[in-house]
$ cat work.cif   # mmCIF, C-alpha atoms and all ligand atoms
data_my_file
loop_
_atom_site.group_PDB
_atom_site.id
_atom_site.type_symbol
_atom_site.label_atom_id
_atom_site.label_comp_id
_atom_site.auth_asym_id
_atom_site.auth_seq_id
_atom_site.Cartn_x
_atom_site.Cartn_y
_atom_site.Cartn_z
ATOM 1 C CA MET A 15 -34.979 -113.414 -20.536
ATOM 2 C CA GLU A 16 -38.563 -113.773 -19.381
ATOM 3 C CA VAL A 17 -39.108 -116.546 -16.862
ATOM 4 C CA SER A 18 -41.899 -118.628 -18.355
ATOM 5 C CA GLY A 19 -45.290 -118.141 -16.751
ATOM 6 C CA ILE A 20 -44.146 -115.201 -14.651
ATOM 7 C CA GLU A 21 -47.189 -113.125 -15.638
ATOM 8 C CA ASN A 22 -49.484 -115.661 -13.951
ATOM 9 C CA THR A 23 -47.660 -115.154 -10.698
ATOM 10 C CA ARG A 24 -47.905 -111.353 -10.695
ATOM 11 C CA THR A 25 -51.067 -111.103 -8.622
ATOM 12 C CA SER A 26 -49.871 -109.260 -5.537
ATOM 13 C CA ILE A 27 -49.660 -105.798 -4.097
ATOM 14 C CA LEU A 28 -46.478 -105.294 -2.072
ATOM 15 C CA LEU A 29 -46.262 -102.945 0.901
ATOM 16 C CA VAL A 30 -42.635 -101.815 1.151
ATOM 17 C CA GLY A 31 -40.647 -99.075 2.874
ATOM 18 C CA LEU A 32 -38.259 -98.378 5.735
ATOM 19 C CA SER A 33 -38.657 -100.080 9.100
ATOM 20 C CA ASP A 34 -41.283 -98.344 11.277
ATOM 21 C CA ALA A 35 -42.918 -96.666 8.285
ATOM 22 C CA GLY A 36 -46.310 -98.160 9.151
ATOM 23 C CA LYS A 37 -46.593 -101.087 6.693
ATOM 24 C CA THR A 38 -47.856 -103.726 9.113
ATOM 25 C CA ALA A 39 -50.370 -101.271 10.570
ATOM 26 C CA LEU A 40 -51.696 -100.570 7.056
ATOM 27 C CA PHE A 41 -51.678 -104.281 6.258
ATOM 28 C CA THR A 42 -53.840 -105.136 9.278
ATOM 29 C CA GLN A 43 -56.207 -102.265 8.470
ATOM 30 C CA LEU A 44 -56.592 -103.363 4.862
ATOM 31 C CA ALA A 45 -56.746 -107.104 5.512
ATOM 32 C CA HIS A 46 -58.551 -107.253 8.858
ATOM 33 C CA ASN A 47 -59.995 -103.782 9.489
ATOM 34 C CA THR A 48 -58.198 -103.565 12.806
ATOM 35 C CA PHE A 49 -55.250 -101.764 14.361
ATOM 36 C CA THR A 50 -52.839 -103.804 16.441
ATOM 37 C CA GLU A 51 -49.648 -102.760 18.175
ATOM 38 C CA THR A 52 -46.788 -104.112 16.099
ATOM 39 C CA VAL A 53 -43.155 -105.078 16.452
ATOM 40 C CA THR A 54 -40.453 -104.996 13.762
ATOM 41 C CA SER A 55 -41.446 -107.559 11.134
ATOM 42 C CA MET A 56 -38.994 -110.398 10.583
ATOM 43 C CA LYS A 57 -40.988 -112.095 7.855
ATOM 44 C CA GLU A 58 -43.650 -111.146 5.364
ATOM 45 C CA ASN A 59 -47.398 -111.130 6.097
ATOM 46 C CA GLU A 60 -49.730 -112.149 3.348
ATOM 47 C CA GLU A 61 -53.527 -112.096 3.007
ATOM 48 C CA GLU A 62 -55.930 -112.319 0.101
ATOM 49 C CA ILE A 63 -58.242 -109.343 -0.158
ATOM 50 C CA ARG A 64 -61.080 -108.411 -2.460
ATOM 51 C CA THR A 65 -61.417 -104.661 -2.866
ATOM 52 C CA ASN A 66 -64.681 -102.792 -3.479
ATOM 53 C CA GLY A 67 -64.706 -102.767 -7.225
ATOM 54 C CA SER A 68 -62.319 -105.476 -8.292
ATOM 55 C CA ARG A 69 -63.675 -108.755 -9.513
ATOM 56 C CA ARG A 70 -60.628 -110.747 -8.539
ATOM 57 C CA LEU A 71 -58.799 -111.555 -5.352
ATOM 58 C CA VAL A 72 -55.462 -109.907 -4.870
ATOM 59 C CA SER A 73 -52.892 -110.880 -2.324
ATOM 60 C CA LEU A 74 -51.534 -108.140 -0.165
ATOM 61 C CA ILE A 75 -47.969 -108.698 1.046
ATOM 62 C CA ASP A 76 -46.382 -106.733 3.895
ATOM 63 C CA VAL A 77 -42.619 -106.845 3.220
ATOM 64 C CA PRO A 78 -40.264 -106.387 6.222
ATOM 65 C CA GLY A 79 -38.406 -103.072 6.189
ATOM 66 C CA PHE A 80 -35.695 -104.084 8.659
ATOM 67 C CA GLU A 81 -32.474 -103.086 6.940
ATOM 68 C CA ARG A 82 -30.692 -106.424 7.073
ATOM 69 C CA LEU A 83 -33.705 -108.353 5.719
ATOM 70 C CA ARG A 84 -35.124 -105.821 3.301
ATOM 71 C CA ASN A 85 -33.188 -106.668 0.151
ATOM 72 C CA GLN A 86 -33.525 -110.426 0.352
ATOM 73 C CA PHE A 87 -37.311 -110.149 0.782
ATOM 74 C CA TRP A 88 -37.554 -107.617 -2.030
ATOM 75 C CA GLU A 89 -35.568 -109.850 -4.396
ATOM 76 C CA LYS A 90 -37.801 -112.797 -3.551
ATOM 77 C CA LEU A 91 -41.155 -111.016 -3.683
ATOM 78 C CA LYS A 92 -40.794 -108.399 -6.424
ATOM 79 C CA PHE A 93 -41.599 -110.952 -9.139
ATOM 80 C CA ARG A 94 -45.097 -111.258 -7.713
ATOM 81 C CA ALA A 95 -45.853 -107.535 -7.792
ATOM 82 C CA LEU A 96 -48.721 -106.164 -9.817
ATOM 83 C CA GLY A 97 -48.258 -102.937 -7.934
ATOM 84 C CA VAL A 98 -46.083 -101.549 -5.150
ATOM 85 C CA VAL A 99 -47.217 -99.397 -2.229
ATOM 86 C CA TYR A 100 -44.217 -97.454 -0.894
ATOM 87 C CA VAL A 101 -45.095 -96.528 2.684
ATOM 88 C CA ILE A 102 -43.641 -93.380 4.278
ATOM 89 C CA ASP A 103 -43.830 -92.283 7.917
ATOM 90 C CA SER A 104 -45.011 -88.697 7.319
ATOM 91 C CA VAL A 105 -44.061 -87.652 10.873
ATOM 92 C CA THR A 106 -40.356 -88.530 10.727
ATOM 93 C CA PHE A 107 -40.122 -87.892 6.975
ATOM 94 C CA MET A 108 -37.841 -84.841 7.045
ATOM 95 C CA SER A 109 -35.309 -86.398 9.416
ATOM 96 C CA ASN A 110 -35.248 -89.584 7.295
ATOM 97 C CA LEU A 111 -35.420 -87.811 3.935
ATOM 98 C CA HIS A 112 -32.229 -89.232 2.496
ATOM 99 C CA ASN A 113 -32.988 -92.853 3.409
ATOM 100 C CA VAL A 114 -36.630 -92.590 2.330
ATOM 101 C CA ALA A 115 -35.600 -91.169 -1.049
ATOM 102 C CA ASP A 116 -32.725 -93.574 -1.533
ATOM 103 C CA LEU A 117 -34.858 -96.683 -1.027
ATOM 104 C CA LEU A 118 -37.597 -95.394 -3.345
ATOM 105 C CA TYR A 119 -34.936 -94.567 -5.952
ATOM 106 C CA GLN A 120 -33.552 -98.105 -5.610
ATOM 107 C CA TYR A 121 -36.984 -99.664 -6.246
ATOM 108 C CA LEU A 122 -37.854 -97.362 -9.137
ATOM 109 C CA SER A 123 -34.549 -98.156 -10.848
ATOM 110 C CA ASP A 124 -34.963 -101.920 -10.412
ATOM 111 C CA ASP A 125 -34.792 -103.641 -13.827
ATOM 112 C CA PHE A 126 -37.877 -105.752 -13.174
ATOM 113 C CA VAL A 127 -39.890 -102.727 -12.008
ATOM 114 C CA ILE A 128 -38.881 -100.827 -15.136
ATOM 115 C CA SER A 129 -39.412 -103.683 -17.583
ATOM 116 C CA LYS A 130 -42.905 -104.446 -16.249
ATOM 117 C CA ARG A 131 -43.723 -100.773 -15.675
ATOM 118 C CA ILE A 132 -44.995 -101.701 -12.223
ATOM 119 C CA PRO A 133 -47.171 -98.865 -10.876
ATOM 120 C CA PHE A 134 -46.253 -97.292 -7.531
ATOM 121 C CA LEU A 135 -48.395 -95.699 -4.871
ATOM 122 C CA VAL A 136 -46.546 -93.593 -2.301
ATOM 123 C CA ALA A 137 -48.655 -93.896 0.849
ATOM 124 C CA CYS A 138 -47.851 -91.030 3.235
ATOM 125 C CA THR A 139 -49.203 -92.516 6.432
ATOM 126 C CA LYS A 140 -49.684 -91.397 10.078
ATOM 127 C CA GLN A 141 -51.687 -88.373 8.866
ATOM 128 C CA ASP A 142 -53.624 -88.531 12.164
ATOM 129 C CA GLU A 143 -50.551 -86.927 13.781
ATOM 130 C CA THR A 144 -50.465 -83.142 13.665
ATOM 131 C CA ARG A 145 -46.738 -83.132 12.861
ATOM 132 C CA ALA A 146 -47.266 -85.209 9.714
ATOM 133 C CA LYS A 147 -46.083 -83.739 6.413
ATOM 134 C CA THR A 148 -48.719 -83.900 3.692
ATOM 135 C CA ALA A 149 -48.332 -86.107 0.611
ATOM 136 C CA LYS A 150 -48.055 -82.922 -1.442
ATOM 137 C CA ALA A 151 -45.106 -81.640 0.596
ATOM 138 C CA ILE A 152 -43.482 -85.088 0.553
ATOM 139 C CA PHE A 153 -43.832 -85.250 -3.244
ATOM 140 C CA THR A 154 -42.005 -81.913 -3.619
ATOM 141 C CA GLN A 155 -39.221 -82.826 -1.194
ATOM 142 C CA LEU A 156 -38.676 -86.205 -2.848
ATOM 143 C CA GLU A 157 -38.357 -84.652 -6.309
ATOM 144 C CA LYS A 158 -35.636 -82.354 -4.903
ATOM 145 C CA GLU A 159 -33.853 -85.221 -3.150
ATOM 146 C CA PHE A 160 -34.014 -87.371 -6.303
ATOM 147 C CA ASN A 161 -32.182 -84.546 -8.090
ATOM 148 C CA THR A 162 -29.388 -84.778 -5.544
ATOM 149 C CA ILE A 163 -29.239 -88.579 -5.781
ATOM 150 C CA ARG A 164 -29.091 -88.312 -9.566
ATOM 151 C CA GLU A 165 -26.312 -85.721 -9.484
ATOM 152 C CA THR A 166 -24.274 -88.005 -7.241
ATOM 153 C CA ARG A 167 -24.826 -90.891 -9.647
ATOM 154 C CA LEU A 168 -24.026 -88.797 -12.707
ATOM 155 C CA GLY A 169 -20.814 -87.720 -10.962
ATOM 156 C CA ALA A 170 -19.999 -91.385 -10.392
ATOM 157 C CA LEU A 171 -20.652 -92.076 -14.084
ATOM 158 C CA ASP A 172 -18.052 -89.471 -15.092
ATOM 159 C CA THR A 173 -15.366 -91.088 -12.994
ATOM 160 C CA THR A 174 -16.274 -94.707 -13.651
ATOM 161 C CA SER A 175 -13.522 -96.771 -15.265
ATOM 162 C CA GLY A 176 -15.948 -98.717 -17.396
ATOM 163 C CA ASP A 177 -16.168 -101.856 -15.353
ATOM 164 C CA GLY A 178 -18.640 -102.408 -12.573
ATOM 165 C CA GLU A 179 -22.349 -101.628 -12.609
ATOM 166 C CA VAL A 180 -23.439 -98.426 -14.324
ATOM 167 C CA PRO A 181 -25.570 -96.342 -11.941
ATOM 168 C CA LYS A 182 -29.179 -95.902 -13.102
ATOM 169 C CA ILE A 183 -30.342 -92.407 -13.942
ATOM 170 C CA LEU A 184 -34.072 -91.902 -13.507
ATOM 171 C CA GLY A 185 -36.100 -89.305 -15.391
ATOM 172 C CA ASN A 186 -34.840 -86.877 -17.991
ATOM 173 C CA PRO A 187 -31.178 -86.052 -17.173
ATOM 174 C CA ASN A 188 -31.417 -82.781 -19.124
ATOM 175 C CA ARG A 189 -33.815 -81.175 -16.684
ATOM 176 C CA GLU A 190 -34.733 -81.120 -13.001
ATOM 177 C CA PHE A 191 -35.988 -84.487 -11.801
ATOM 178 C CA SER A 192 -39.739 -84.866 -12.142
ATOM 179 C CA PHE A 193 -41.827 -87.936 -11.280
ATOM 180 C CA ALA A 194 -43.739 -87.148 -14.482
ATOM 181 C CA ASP A 195 -40.624 -88.109 -16.477
ATOM 182 C CA ILE A 196 -40.414 -91.713 -15.314
ATOM 183 C CA SER A 197 -42.232 -94.387 -17.271
ATOM 184 C CA ASN A 198 -43.815 -96.048 -14.231
ATOM 185 C CA ASN A 199 -47.086 -94.583 -13.084
ATOM 186 C CA ILE A 200 -46.608 -93.091 -9.591
ATOM 187 C CA GLU A 201 -49.195 -91.500 -7.311
ATOM 188 C CA PHE A 202 -48.942 -89.936 -3.849
ATOM 189 C CA ILE A 203 -51.699 -90.109 -1.234
ATOM 190 C CA ASP A 204 -52.315 -89.232 2.434
ATOM 191 C CA CYS A 205 -53.456 -92.054 4.716
ATOM 192 C CA SER A 206 -53.534 -93.300 8.292
ATOM 193 C CA SER A 207 -53.988 -96.600 10.132
ATOM 194 C CA SER A 208 -54.854 -94.965 13.432
ATOM 195 C CA PRO A 209 -57.860 -96.619 15.115
ATOM 196 C CA LYS A 210 -59.315 -93.162 15.840
ATOM 197 C CA SER A 211 -59.208 -91.878 12.303
ATOM 198 C CA SER A 212 -58.089 -94.559 9.900
ATOM 199 C CA SER A 213 -58.156 -93.539 6.272
ATOM 200 C CA THR A 214 -57.184 -96.191 3.792
ATOM 201 C CA GLU A 215 -59.847 -95.573 1.101
ATOM 202 C CA ALA A 216 -57.341 -94.008 -1.267
ATOM 203 C CA ILE A 217 -55.229 -97.175 -1.124
ATOM 204 C CA ILE A 218 -58.248 -99.410 -1.827
ATOM 205 C CA LYS A 219 -59.201 -97.178 -4.720
ATOM 206 C CA TRP A 220 -55.692 -97.341 -6.151
ATOM 207 C CA ILE A 221 -55.582 -101.148 -5.802
ATOM 208 C CA ASP A 222 -58.916 -101.300 -7.664
ATOM 209 C CA THR A 223 -57.527 -99.379 -10.586
ATOM 210 C CA THR A 224 -54.270 -101.362 -10.581
ATOM 211 C CA VAL A 225 -55.459 -105.005 -10.474
HETATM 212 N N1 LIG B 301 -50.166 -92.417 14.851
HETATM 213 C C1 LIG B 301 -49.983 -93.419 14.007
HETATM 214 N N2 LIG B 301 -49.072 -94.389 14.309
HETATM 215 C C2 LIG B 301 -48.895 -95.378 13.415
HETATM 216 C C3 LIG B 301 -49.638 -95.452 12.206
HETATM 217 N N3 LIG B 301 -49.231 -96.531 11.526
HETATM 218 C C4 LIG B 301 -48.282 -97.129 12.282
HETATM 219 N N4 LIG B 301 -48.073 -96.451 13.416
HETATM 220 C C5 LIG B 301 -47.086 -96.791 14.483
HETATM 221 O O1 LIG B 301 -45.793 -96.798 13.904
HETATM 222 C C6 LIG B 301 -45.009 -97.856 14.412
HETATM 223 C C7 LIG B 301 -44.488 -98.710 13.277
HETATM 224 O O2 LIG B 301 -45.560 -99.307 12.577
HETATM 225 P P1 LIG B 301 -45.418 -100.697 11.789
HETATM 226 O O3 LIG B 301 -46.657 -100.862 10.992
HETATM 227 O O4 LIG B 301 -45.056 -101.790 12.702
HETATM 228 O O5 LIG B 301 -44.157 -100.392 10.858
HETATM 229 P P2 LIG B 301 -43.539 -101.327 9.713
HETATM 230 O O6 LIG B 301 -43.431 -100.477 8.507
HETATM 231 O O7 LIG B 301 -44.321 -102.577 9.582
HETATM 232 O O8 LIG B 301 -42.061 -101.628 10.243
HETATM 233 P P3 LIG B 301 -41.145 -102.956 9.970
HETATM 234 O O9 LIG B 301 -41.969 -104.150 10.236
HETATM 235 O O10 LIG B 301 -40.000 -102.811 10.890
HETATM 236 O O11 LIG B 301 -40.727 -102.877 8.534
HETATM 237 C C8 LIG B 301 -45.911 -98.621 15.399
HETATM 238 O O12 LIG B 301 -45.632 -98.159 16.706
HETATM 239 C C9 LIG B 301 -47.297 -98.216 14.978
HETATM 240 O O13 LIG B 301 -48.222 -98.257 16.042
HETATM 241 C C10 LIG B 301 -50.596 -94.401 11.927
HETATM 242 O O14 LIG B 301 -51.283 -94.370 10.900
HETATM 243 N N5 LIG B 301 -50.713 -93.431 12.868
HETATM 244 MG MG MG B 302 -43.893 -104.517 9.972
#
$ encode --input "work.cif" --output "structure tokens"
Amino acid sequence: MEVSGIENTRTSILLVGLSDAGKTALFTQLAHNTFTETVTSMKENEEEIRTNGSRRLVSLIDVPGFERLRNQFWEKLKFRALGVVYVIDSVTFMSNLHNVADLLYQYLSDDFVISKRIPFLVACTKQDETRAKTAKAIFTQLEKEFNTIRETRLGALDTTSGDGEVPKILGNPNREFSFADISNNIEFIDCSSSPKSSSTEAIIKWIDTTV
């Protein structure tokens, strides 16, 4: 059942992702135009921003990625999301592939995310580093990994006794997983918060089209 007035409270853009992904660095770039050395976030950061084209203020919320805090913050803050920026460390991406994919899969199969068709931006950050994988490569790898996650879940469905939660299957189960087959709009972009070569324009542009 819809919580009354919930639409009035959906005025935020959430920055989410694994710990160390680069969320707080992006947050400080977007909110304050600066780069500061960060430590693992233990609570959320929030700031109102007005992007280039948008006529209204939007609050940007940096959600802690620390494993033991992540879910409780997500459950509390997701109801405020107009859009979600899923931040990925493009340098360590391949070695973290399973965890990166698993968390994104969890968010995209969240009932609230699905029911509100909350748009996602996958921000592949740290592109200033030469070892960074591009957003294009990350997109391809994630589609493959989502296939594997789905197969595991479909396998679990076959053996399930009928009680317990039914695992969510994203996309069209009759063909290879494709981000084009999910009902939420999802885009992938390259970005960086590095003071030498910060590039956050694509995020601003996306926020403009989302709010
Ligand atoms: N080279 C480079 N380093 C970055 C960039 N963004 C973040 N970092 C570094 O990556 C590390 C983690 O960044 P944070 O922004 O604190 O990560 P986080 O996602 O907020 O992590 P949690 O708060 O634990 O969830 C820090 O040492 C940053 O300096 C970037 O664009 N380029
Ligand atoms: Mg942080």
$ atom_distance --input "work.cif" --atom1 "atom N5 of ligand LIG 301 (chain B)" --atom2 "CA of Asn110 (chain A)"
16.9 Å
$ closest_residue --input "work.cif" --among "A:Asp116, A:Glu61, A:Asp124, A:Glu201" --to "Lys92 (chain A)" --atoms "only C-alpha atoms"
A:Asp124
$ residues_near_ligand --input "work.cif" --ligand "ligand MG 302 (chain B)" --cutoff "7 Å" --atoms "only C-alpha atoms and all ligand atoms" --output "number ranges by chain"
A: 33-34, 36-38, 52-55, 76, 78-79
$ resolve_selection --input "work.cif" --expression "the PyMOL selection byres (((chain A and resi 72) around 8) and not hetatm)" --output "list in words"
Thr25, Ser26, Ile27, Glu62, Ile63, Arg64, Arg70, Leu71, Ser73, Leu74 and Val225 of chain A
$ atom_distance --input "work.cif" --atom1 "CA of Asn199 (chain A)" --atom2 "CA of Thr42 (chain A)"
25.6 Å
$ residues_around --input "work.cif" --residues "Leu28 (chain A)" --least-positions-apart "2" --cutoff "12 Å" --atoms "only C-alpha atoms" --output "JSON, numbers by chain"
{"A": [24, 25, 26, 30, 31, 37, 38, 40, 41, 58, 59, 60, 61, 62, 72, 73, 74, 75, 76, 77, 78, 79, 87, 88, 90, 91, 92, 93, 94, 95, 96, 97, 98, 99, 100, 101, 121, 132, 133, 134, 135, 136, 137, 217, 221]}
$ build_atoms --input "work.cif" --residues "region 191-206 of chain A" --atoms "N, CA and C atoms" --output "PDB file, in the frame of the given file"
ATOM      1  N   PHE A 191     -35.255 -83.232 -11.905  1.00  0.00           N
ATOM      2  CA  PHE A 191     -35.988 -84.487 -11.801  1.00  0.00           C
ATOM      3  C   PHE A 191     -37.478 -84.217 -11.579  1.00  0.00           C
ATOM      4  N   SER A 192     -38.299 -84.959 -12.332  1.00  0.00           N
ATOM      5  CA  SER A 192     -39.739 -84.866 -12.142  1.00  0.00           C
ATOM      6  C   SER A 192     -40.306 -86.283 -12.193  1.00  0.00           C
ATOM      7  N   PHE A 193     -41.215 -86.599 -11.255  1.00  0.00           N
ATOM      8  CA  PHE A 193     -41.827 -87.936 -11.280  1.00  0.00           C
ATOM      9  C   PHE A 193     -42.606 -88.141 -12.588  1.00  0.00           C
ATOM     10  N   ALA A 194     -43.006 -87.040 -13.223  1.00  0.00           N
ATOM     11  CA  ALA A 194     -43.739 -87.148 -14.482  1.00  0.00           C
ATOM     12  C   ALA A 194     -42.855 -87.700 -15.600  1.00  0.00           C
ATOM     13  N   ASP A 195     -41.542 -87.652 -15.422  1.00  0.00           N
ATOM     14  CA  ASP A 195     -40.624 -88.109 -16.477  1.00  0.00           C
ATOM     15  C   ASP A 195     -40.228 -89.573 -16.365  1.00  0.00           C
ATOM     16  N   ILE A 196     -40.748 -90.284 -15.363  1.00  0.00           N
ATOM     17  CA  ILE A 196     -40.414 -91.713 -15.314  1.00  0.00           C
ATOM     18  C   ILE A 196     -41.551 -92.499 -15.967  1.00  0.00           C
ATOM     19  N   SER A 197     -41.216 -93.673 -16.491  1.00  0.00           N
ATOM     20  CA  SER A 197     -42.232 -94.387 -17.271  1.00  0.00           C
ATOM     21  C   SER A 197     -43.215 -95.148 -16.388  1.00  0.00           C
ATOM     22  N   ASN A 198     -42.859 -95.401 -15.140  1.00  0.00           N
ATOM     23  CA  ASN A 198     -43.815 -96.048 -14.231  1.00  0.00           C
ATOM     24  C   ASN A 198     -44.822 -95.020 -13.743  1.00  0.00           C
ATOM     25  N   ASN A 199     -46.067 -95.452 -13.643  1.00  0.00           N
ATOM     26  CA  ASN A 199     -47.086 -94.583 -13.084  1.00  0.00           C
ATOM     27  C   ASN A 199     -46.837 -94.463 -11.573  1.00  0.00           C
ATOM     28  N   ILE A 200     -46.830 -93.250 -11.032  1.00  0.00           N
ATOM     29  CA  ILE A 200     -46.608 -93.091  -9.591  1.00  0.00           C
ATOM     30  C   ILE A 200     -47.556 -92.038  -9.039  1.00  0.00           C
ATOM     31  N   GLU A 201     -48.252 -92.419  -7.952  1.00  0.00           N
ATOM     32  CA  GLU A 201     -49.195 -91.500  -7.311  1.00  0.00           C
ATOM     33  C   GLU A 201     -48.840 -91.348  -5.840  1.00  0.00           C
ATOM     34  N   PHE A 202     -49.198 -90.209  -5.267  1.00  0.00           N
ATOM     35  CA  PHE A 202     -48.942 -89.936  -3.849  1.00  0.00           C
ATOM     36  C   PHE A 202     -50.276 -89.715  -3.147  1.00  0.00           C
ATOM     37  N   ILE A 203     -50.450 -90.339  -1.986  1.00  0.00           N
ATOM     38  CA  ILE A 203     -51.699 -90.109  -1.234  1.00  0.00           C
ATOM     39  C   ILE A 203     -51.424 -89.994   0.278  1.00  0.00           C
ATOM     40  N   ASP A 204     -52.336 -89.321   0.970  1.00  0.00           N
ATOM     41  CA  ASP A 204     -52.315 -89.232   2.434  1.00  0.00           C
ATOM     42  C   ASP A 204     -53.115 -90.395   2.983  1.00  0.00           C
ATOM     43  N   CYS A 205     -52.666 -90.996   4.087  1.00  0.00           N
ATOM     44  CA  CYS A 205     -53.456 -92.054   4.716  1.00  0.00           C
ATOM     45  C   CYS A 205     -53.070 -92.200   6.178  1.00  0.00           C
ATOM     46  N   SER A 206     -53.802 -93.060   6.878  1.00  0.00           N
ATOM     47  CA  SER A 206     -53.534 -93.300   8.292  1.00  0.00           C
ATOM     48  C   SER A 206     -54.127 -94.641   8.695  1.00  0.00           C
TER      49      SER A 206
END
